[in-house]
file protein.txt (compact mmCIF, C-alpha atoms)
# COMPACT_ATOMS: atom_id res chain seq x y z
CA MET A 1 -5.08 -7.82 -7.19
CA ARG A 2 -2.58 -10.03 -9.02
CA SER A 3 0.41 -9.30 -6.81
CA LEU A 4 0.91 -8.16 -3.22
CA LEU A 5 4.57 -7.48 -2.39
CA PHE A 6 5.80 -7.60 1.19
CA ALA A 7 8.39 -5.08 2.40
CA PRO A 8 9.75 -4.83 5.97
CA GLY A 9 8.11 -1.82 7.59
CA ASN A 10 11.27 -0.76 9.40
CA HIS A 11 13.49 -0.72 6.29
CA ALA A 12 12.95 2.67 4.65
CA ARG A 13 15.00 1.99 1.51
CA ARG A 14 13.22 -1.28 0.72
CA VAL A 15 9.83 0.31 1.42
CA GLU A 16 10.56 3.19 -0.94
CA LYS A 17 11.69 0.81 -3.68
CA ALA A 18 8.66 -1.47 -3.24
CA LEU A 19 6.27 1.45 -3.69
CA THR A 20 7.73 2.18 -7.15
CA LEU A 21 7.35 -1.36 -8.50
CA ALA A 22 4.52 -2.75 -10.63
CA ALA A 23 2.89 -4.71 -7.81
CA ASP A 24 -0.86 -4.17 -7.57
CA GLY A 25 -0.34 -3.71 -3.84
CA VAL A 26 2.51 -3.38 -1.34
CA ILE A 27 2.28 -4.76 2.20
CA LEU A 28 4.45 -2.96 4.74
CA ASP A 29 5.13 -5.62 7.34
CA LEU A 30 4.99 -5.12 11.09
CA GLU A 31 4.79 -8.83 11.85
CA ASP A 32 7.32 -11.45 10.77
CA ALA A 33 9.78 -9.03 9.14
CA VAL A 34 10.21 -6.93 12.29
CA ALA A 35 12.07 -8.14 15.38
CA ILE A 36 10.17 -8.07 18.68
CA ALA A 37 12.40 -5.32 20.06
CA GLU A 38 11.64 -3.13 17.02
CA LYS A 39 7.88 -3.61 16.66
CA VAL A 40 6.76 -0.44 18.43
CA ALA A 41 9.49 1.69 16.89
CA ALA A 42 8.55 0.50 13.38
CA ARG A 43 5.06 1.97 13.52
CA PRO A 44 6.00 5.63 12.83
CA ALA A 45 8.27 4.51 9.97
CA VAL A 46 5.37 2.69 8.36
CA SER A 47 2.98 5.62 8.79
CA ALA A 48 5.57 7.94 7.23
CA ALA A 49 5.33 5.97 3.99
CA PHE A 50 1.62 6.69 3.50
CA GLY A 51 2.26 9.99 1.71
CA LYS A 52 5.00 8.72 -0.61
CA PRO A 53 4.32 8.28 -4.35
CA ARG A 54 3.24 4.76 -5.22
CA THR A 55 1.99 2.78 -8.17
CA GLY A 56 -0.43 0.42 -6.39
CA LYS A 57 -2.40 0.08 -3.19
CA LEU A 58 -0.76 0.31 0.22
CA TYR A 59 -1.45 -2.25 2.95
CA VAL A 60 0.09 -2.89 6.35
CA ARG A 61 0.37 -6.33 7.90
CA VAL A 62 -0.18 -5.84 11.61
CA ASN A 63 0.62 -8.40 14.28
CA ALA A 64 -1.97 -11.07 15.04
CA LEU A 65 -5.02 -10.04 17.05
CA THR A 66 -3.98 -12.35 19.89
CA THR A 67 -0.63 -10.56 20.38
CA GLN A 68 0.17 -7.56 22.58
CA TRP A 69 1.02 -5.42 19.53
CA CYS A 70 -2.07 -5.64 17.35
CA TYR A 71 -4.11 -2.91 19.06
CA GLY A 72 -1.21 -0.47 19.01
CA ASP A 73 -0.49 -1.29 15.38
CA MET A 74 -4.08 -0.53 14.40
CA VAL A 75 -4.18 2.75 16.33
CA ALA A 76 -0.90 3.84 14.76
CA ILE A 77 -1.72 3.11 11.12
CA VAL A 78 -5.43 3.80 10.50
CA HIS A 79 -4.92 7.19 8.88
CA PRO A 80 -5.46 8.78 5.45
CA GLY A 81 -3.18 7.19 2.88
CA LEU A 82 -3.74 3.62 4.06
CA ASP A 83 -5.69 1.37 1.71
CA GLY A 84 -5.95 -1.70 3.89
CA ILE A 85 -4.80 -3.93 6.72
CA VAL A 86 -3.57 -7.50 6.44
CA LEU A 87 -4.43 -9.48 9.58
CA PRO A 88 -2.35 -12.65 10.06
CA LYS A 89 -3.18 -15.96 11.71
CA VAL A 90 -6.95 -15.52 11.72
CA GLU A 91 -8.53 -18.64 13.21
CA HIS A 92 -12.05 -17.53 14.20
CA ALA A 93 -14.76 -15.35 12.70
CA HIS A 94 -14.96 -13.35 15.94
CA GLU A 95 -11.33 -12.25 15.46
CA LEU A 96 -12.24 -10.79 12.10
CA ARG A 97 -15.30 -9.08 13.56
CA ALA A 98 -13.22 -7.61 16.41
CA ALA A 99 -10.69 -6.20 13.94
CA ASP A 100 -13.52 -4.81 11.80
CA TRP A 101 -15.08 -3.13 14.86
CA LEU A 102 -11.79 -1.53 15.88
CA ILE A 103 -11.01 -0.28 12.37
CA GLY A 104 -14.53 1.12 12.06
CA ASN A 105 -14.19 3.10 15.28
CA LEU A 106 -10.82 4.47 14.23
CA GLU A 107 -12.29 5.50 10.87
CA ARG A 108 -15.03 7.46 12.63
CA GLU A 109 -12.61 9.13 15.04
CA ARG A 110 -10.32 10.22 12.22
CA GLY A 111 -12.86 11.40 9.69
CA LEU A 112 -12.39 8.53 7.24
CA ALA A 113 -15.25 7.18 5.19
CA PRO A 114 -16.89 4.11 6.77
CA GLY A 115 -15.42 0.97 5.27
CA GLN A 116 -12.63 2.88 3.56
CA ILE A 117 -9.92 0.64 5.01
CA ASP A 118 -9.83 -2.81 3.43
CA LEU A 119 -9.18 -5.88 5.59
CA ILE A 120 -7.48 -9.07 4.35
CA PRO A 121 -7.30 -12.00 6.80
CA ILE A 122 -4.53 -14.54 6.30
CA VAL A 123 -5.66 -18.08 7.10
CA GLU A 124 -2.52 -20.04 7.96
CA THR A 125 -3.24 -22.64 10.65
CA ALA A 126 -5.18 -25.88 10.87
CA LEU A 127 -7.78 -24.20 13.06
CA GLY A 128 -8.16 -21.37 10.57
CA ILE A 129 -8.69 -23.79 7.69
CA GLY A 130 -11.13 -25.74 9.86
CA ASN A 131 -13.13 -22.56 10.47
CA LEU A 132 -12.99 -21.29 6.87
CA THR A 133 -16.75 -21.34 6.40
CA ALA A 134 -17.38 -19.13 9.45
CA ILE A 135 -14.47 -16.82 8.61
CA CYS A 136 -15.69 -16.29 5.05
CA GLN A 137 -19.23 -15.69 6.30
CA SER A 138 -18.21 -13.32 9.13
CA GLY A 139 -20.14 -10.41 7.61
CA THR A 140 -17.20 -8.00 7.89
CA ARG A 141 -15.54 -5.57 5.51
CA ALA A 142 -13.17 -8.33 4.32
CA LYS A 143 -13.61 -8.78 0.56
CA ARG A 144 -11.02 -11.51 0.14
CA LEU A 145 -8.79 -13.71 2.26
CA ALA A 146 -5.25 -14.97 1.80
CA PHE A 147 -3.75 -18.41 2.32
CA GLY A 148 -0.40 -18.68 4.13
CA ALA A 149 1.41 -21.95 3.51
CA GLY A 150 4.52 -21.22 5.59
CA ASP A 151 2.82 -21.13 8.96
CA PHE A 152 0.23 -23.68 7.86
CA THR A 153 2.78 -26.36 7.00
CA LEU A 154 4.64 -25.57 10.23
CA ASP A 155 1.43 -25.94 12.24
CA MET A 156 0.64 -29.22 10.51
CA SER A 157 4.20 -30.61 10.72
CA MET A 158 3.82 -30.95 6.96
CA GLN A 159 6.63 -30.93 4.39
CA TRP A 160 6.24 -27.98 1.99
CA THR A 161 7.40 -29.56 -1.26
CA ARG A 162 8.26 -27.96 -4.57
CA SER A 163 5.18 -29.48 -6.24
CA GLU A 164 2.94 -28.20 -3.41
CA VAL A 165 0.65 -31.20 -3.92
CA GLU A 166 0.12 -31.34 -0.14
CA LEU A 167 -1.46 -27.85 -0.30
CA LEU A 168 -4.05 -28.69 -2.96
CA PRO A 169 -7.07 -29.50 -0.71
CA HIS A 170 -6.45 -26.47 1.49
CA ARG A 171 -5.98 -24.07 -1.41
CA ALA A 172 -9.12 -25.47 -3.01
CA ALA A 173 -11.01 -24.99 0.26
CA CYS A 174 -10.02 -21.30 0.32
CA VAL A 175 -11.35 -20.81 -3.21
CA LEU A 176 -14.53 -22.82 -2.57
CA GLN A 177 -15.50 -21.17 0.71
CA SER A 178 -14.70 -17.69 -0.63
CA ARG A 179 -16.98 -18.28 -3.60
CA ALA A 180 -19.75 -19.79 -1.47
CA ALA A 181 -19.70 -16.73 0.80
CA GLY A 182 -19.78 -14.26 -2.10
CA MET A 183 -16.24 -13.02 -1.51
CA GLU A 184 -13.67 -12.22 -4.18
CA PRO A 185 -11.25 -15.02 -5.08
CA PRO A 186 -8.49 -15.33 -2.47
CA MET A 187 -4.80 -14.43 -2.60
CA ASP A 188 -2.33 -17.30 -2.73
CA THR A 189 0.60 -17.97 -0.43
CA VAL A 190 4.13 -16.67 -0.88
CA TRP A 191 6.88 -18.79 -2.47
CA ALA A 192 9.80 -19.03 -0.08
CA ASP A 193 12.64 -20.36 -2.26
CA LEU A 194 14.05 -17.22 -3.89
CA ARG A 195 16.60 -19.28 -5.84
CA ASP A 196 13.84 -21.18 -7.64
CA ALA A 197 12.23 -18.70 -10.03
CA GLU A 198 10.73 -21.47 -12.15
CA GLY A 199 9.14 -22.96 -9.06
CA PHE A 200 7.52 -19.61 -8.29
CA ILE A 201 6.11 -19.35 -11.82
CA ALA A 202 4.70 -22.88 -11.61
CA SER A 203 3.17 -22.14 -8.21
CA ALA A 204 1.56 -18.93 -9.46
CA ARG A 205 0.14 -20.57 -12.58
CA HIS A 206 -1.23 -23.45 -10.51
CA ALA A 207 -2.90 -20.99 -8.12
CA ALA A 208 -4.43 -19.11 -11.04
CA ALA A 209 -5.80 -22.37 -12.45
CA LEU A 210 -7.33 -23.19 -9.05
CA GLY A 211 -9.22 -19.89 -9.00
CA PHE A 212 -7.04 -17.55 -6.91
CA GLN A 213 -6.93 -13.94 -8.03
CA GLY A 214 -3.28 -13.25 -7.22
CA LYS A 215 -0.23 -14.15 -5.20
CA MET A 216 1.66 -12.64 -2.29
CA CYS A 217 5.32 -11.96 -3.11
CA ILE A 218 8.40 -11.58 -0.94
CA HIS A 219 10.89 -10.31 -3.53
CA PRO A 220 10.65 -7.67 -6.28
CA ASP A 221 11.68 -10.23 -8.91
CA GLN A 222 8.46 -12.15 -8.21
CA VAL A 223 6.12 -9.28 -9.10
CA GLU A 224 6.33 -9.47 -12.89
CA PRO A 225 5.80 -13.25 -13.14
CA ALA A 226 2.93 -13.02 -10.65
CA ASN A 227 1.23 -10.34 -12.71
CA ALA A 228 1.75 -12.43 -15.85
CA ALA A 229 0.36 -15.61 -14.26
CA PHE A 230 -2.89 -13.90 -13.28
CA THR A 231 -3.34 -11.93 -16.51
CA PRO A 232 -4.85 -13.65 -19.59
CA ASP A 233 -2.22 -13.89 -22.33
CA ALA A 234 -2.74 -12.80 -25.93
CA ALA A 235 -3.69 -16.29 -27.08
CA ALA A 236 -6.37 -16.64 -24.39
CA VAL A 237 -7.80 -13.21 -25.22
CA ALA A 238 -7.89 -14.00 -28.94
CA GLN A 239 -9.62 -17.34 -28.36
CA ALA A 240 -12.18 -15.76 -26.02
CA SER A 241 -12.97 -13.13 -28.67
CA ARG A 242 -13.45 -15.84 -31.31
CA ILE A 243 -15.76 -17.80 -29.02
CA LEU A 244 -17.95 -14.77 -28.29
CA SER A 245 -18.11 -13.74 -31.93
CA ALA A 246 -19.07 -17.23 -33.13
CA PHE A 247 -21.61 -17.75 -30.39
CA GLU A 248 -23.31 -14.40 -30.97
CA LYS A 249 -23.83 -15.32 -34.62
CA ALA A 250 -25.17 -18.74 -33.65
CA GLU A 251 -27.45 -17.28 -30.98
CA ALA A 252 -28.94 -14.90 -33.53
CA GLN A 253 -29.94 -18.01 -35.49
CA GLY A 254 -31.60 -19.56 -32.45
CA LEU A 255 -28.73 -21.89 -31.47
CA ALA A 256 -27.50 -22.23 -27.88
CA SER A 257 -24.62 -24.62 -28.53
CA ILE A 258 -22.06 -24.84 -31.34
CA GLN A 259 -18.68 -26.32 -32.17
CA LEU A 260 -15.60 -24.18 -32.75
CA ASP A 261 -12.33 -25.82 -33.74
CA GLY A 262 -13.67 -29.11 -32.42
CA GLN A 263 -14.62 -27.62 -29.03
CA PHE A 264 -18.18 -27.74 -27.76
CA ILE A 265 -19.38 -24.21 -26.94
CA ASP A 266 -22.42 -23.46 -24.78
CA TYR A 267 -23.38 -20.80 -22.23
CA PRO A 268 -20.87 -21.78 -19.48
CA ILE A 269 -18.01 -21.67 -22.01
CA VAL A 270 -19.24 -18.31 -23.27
CA GLN A 271 -19.41 -16.93 -19.75
CA ARG A 272 -15.84 -18.07 -19.14
CA ALA A 273 -14.77 -16.28 -22.33
CA ARG A 274 -16.44 -13.09 -21.10
CA ARG A 275 -14.54 -13.38 -17.82
CA VAL A 276 -11.25 -13.72 -19.71
CA LEU A 277 -11.92 -10.52 -21.65
CA GLU A 278 -13.02 -8.69 -18.51
CA ALA A 279 -9.86 -9.78 -16.69
CA ALA A 280 -7.74 -8.63 -19.63
CA ARG A 281 -9.42 -5.21 -19.56
call {"tool": "encode", "arguments": {"input": "protein.txt", "output": "structure tokens"}}
result
Amino acid sequence: MRSLLFAPGNHARRVEKALTLAADGVILDLEDAVAIAEKVAARPAVSAAFGKPRTGKLYVRVNALTTQWCYGDMVAIVHPGLDGIVLPKVEHAHELRAADWLIGNLERERGLAPGQIDLIPIVETALGIGNLTAICQSGTRAKRLAFGAGDFTLDMSMQWTRSEVELLPHRAACVLQSRAAGMEPPMDTVWADLRDAEGFIASARHAAALGFQGKMCIHPDQVEPANAAFTPDAAAVAQASRILSAFEKAEAQGLASIQLDGQFIDYPIVQRARRVLEAAR
């Protein structure tokens, strides 16, 4: 899941275009991209997109569980053709469990396989980050979480700078707690400055280096660089292949550590090389 592209759920043309792009997933938005007066009316438009041709997975971001719209959003969209739900502003594990319970009941009512609908919580407040351990260990269908810097920096009265250095401990916490709970690596925050393509690339590469698996995108032009940032390049693949080949020969001779081009190679380095090749595949 290298890229998740947002599209406003009530904008049919932009939804149709998003579904044809190379994003690993598209998120049809019922939350921030839809005005309050349009939230209920947007639900049928979103559901109508489920049967359209698409290249990746299809998610819907519903309104937060604490709002008056979340229940109606869930009831309207849990149908065949939906791959998952993105739940914003999750601050407690019990919110995730409540959403999981509701989705599970809707799956049973509508003849869907149990657990068929994925669930991605966005952690984007100080309270959510403070409760990361419990959220990650909620025991729900959620396989991965996402970090939302826009609302987080607003909640914290924090300046969201181009370098994003202020986000480092909170991003790292998302990766750490996800790993500790046995979840997949998380999805990284969007990049809001559409004029700064180089800033987006730097942000995506930094997130990949921190251990995120992908990035949420808000413009089609961000999809390709996001996919590239979270895909091993040819040089990394070639180096990983050389490491595995050299180590296998050494291991056959009873050696568990070698040097290759001046680099010390042992089992952790070999395991990392295997991960690079698996990611490339």
call {"tool": "closest_residue", "arguments": {"input": "protein.txt", "among": "A:Thr189, A:Gln239, A:Ser157, A:Gln177", "to": "His206 of chain A", "atoms": "only C-alpha atoms"}}
result
A:Thr189
call {"tool": "atom_distance", "arguments": {"input": "protein.txt", "atom1": "atom CA of Thr20 of chain A", "atom2": "atom CA of Leu277 of chain A"}}
result
27.5 Å
call {"tool": "closest_atom_pairs", "arguments": {"input": "protein.txt", "of": "segment 196-260 of chain A", "to": "segment 269-275 of chain A", "cutoff": "9 Å", "atoms": "all atoms listed in the file", "output": "JSON lines"}}
result
{"residue": "A:Ala236", "atom": "CA", "partner": "A:Ala273", "partner_atom": "CA", "distance": 8.7}
{"residue": "A:Val237", "atom": "CA", "partner": "A:Ala273", "partner_atom": "CA", "distance": 8.1}
{"residue": "A:Gln239", "atom": "CA", "partner": "A:Ala273", "partner_atom": "CA", "distance": 8.0}
{"residue": "A:Ala240", "atom": "CA", "partner": "A:Ala273", "partner_atom": "CA", "distance": 4.5}
{"residue": "A:Ser241", "atom": "CA", "partner": "A:Ala273", "partner_atom": "CA", "distance": 7.3}
{"residue": "A:Ile243", "atom": "CA", "partner": "A:Val270", "partner_atom": "CA", "distance": 6.7}
{"residue": "A:Leu244", "atom": "CA", "partner": "A:Val270", "partner_atom": "CA", "distance": 6.3}
{"residue": "A:Phe247", "atom": "CA", "partner": "A:Val270", "partner_atom": "CA", "distance": 7.5}
call {"tool": "closest_residue", "arguments": {"input": "protein.txt", "among": "A:Asn131, A:Thr125, A:Thr231, A:Asn10", "to": "Ala45 of chain A", "atoms": "only C-alpha atoms"}}
result
A:Asn10
call {"tool": "closest_residue", "arguments": {"input": "protein.txt", "among": "A:Glu16, A:Glu278, A:Asp24, A:Asp32", "to": "Glu224 of chain A", "atoms": "only C-alpha atoms"}}
result
A:Asp24
call {"tool": "closest_residue", "arguments": {"input": "protein.txt", "among": "A:Arg205, A:Asp29, A:Ala35, A:His79", "to": "Gly51 of chain A", "atoms": "all atoms listed in the file"}}
result
A:His79
call {"tool": "residues_around", "arguments": {"input": "protein.txt", "residues": "segment 148-154 of chain A", "least_positions_apart": "4", "cutoff": "8 Å", "atoms": "only C-alpha atoms", "output": "JSON list (two decimals) with C-alpha atoms, keeping the file's coordinate frame"}}
result
[["chain", "number", "residue", "atom", "x", "y", "z"],
["A", 122, "ILE", "CA", -4.53, -14.54, 6.30],
["A", 123, "VAL", "CA", -5.66, -18.08, 7.10],
["A", 124, "GLU", "CA", -2.52, -20.04, 7.96],
["A", 125, "THR", "CA", -3.24, -22.64, 10.65],
["A", 126, "ALA", "CA", -5.18, -25.88, 10.87],
["A", 158, "MET", "CA", 3.82, -30.95, 6.96],
["A", 159, "GLN", "CA", 6.63, -30.93, 4.39],
["A", 160, "TRP", "CA", 6.24, -27.98, 1.99],
["A", 167, "LEU", "CA", -1.46, -27.85, -0.30],
["A", 188, "ASP", "CA", -2.33, -17.30, -2.73],
["A", 189, "THR", "CA", 0.60, -17.97, -0.43],
["A", 190, "VAL", "CA", 4.13, -16.67, -0.88]]
call {"tool": "residues_around", "arguments": {"input": "protein.txt", "residues": "Glu184 of chain A", "least_positions_apart": "5", "cutoff": "7 Å", "atoms": "only C-alpha atoms", "output": "ChimeraX atom specification"}}
result
/A:143-144,178-179
call {"tool": "residues_near_point", "arguments": {"input": "protein.txt", "point": "(10.1, -8.1, -10.2)", "cutoff": "10 Å", "atoms": "all atoms listed in the file", "output": "short mmCIF file (atom, residue, chain, number, x, y, z; two decimals) with C-alpha atoms, keeping the file's coordinate frame"}}
result
data_model
loop_
_atom_site.label_atom_id
_atom_site.label_comp_id
_atom_site.auth_asym_id
_atom_site.auth_seq_id
_atom_site.Cartn_x
_atom_site.Cartn_y
_atom_site.Cartn_z
CA LEU A 5 4.57 -7.48 -2.39
CA ALA A 18 8.66 -1.47 -3.24
CA LEU A 21 7.35 -1.36 -8.50
CA ALA A 22 4.52 -2.75 -10.63
CA ALA A 23 2.89 -4.71 -7.81
CA CYS A 217 5.32 -11.96 -3.11
CA HIS A 219 10.89 -10.31 -3.53
CA PRO A 220 10.65 -7.67 -6.28
CA ASP A 221 11.68 -10.23 -8.91
CA GLN A 222 8.46 -12.15 -8.21
CA VAL A 223 6.12 -9.28 -9.10
CA GLU A 224 6.33 -9.47 -12.89
CA PRO A 225 5.80 -13.25 -13.14
CA ALA A 226 2.93 -13.02 -10.65
CA ASN A 227 1.23 -10.34 -12.71
#
call {"tool": "closest_residue", "arguments": {"input": "protein.txt", "among": "A:Val34, A:Ala146, A:Leu82, A:Val62", "to": "Phe50 of chain A", "atoms": "all atoms listed in the file"}}
result
A:Leu82
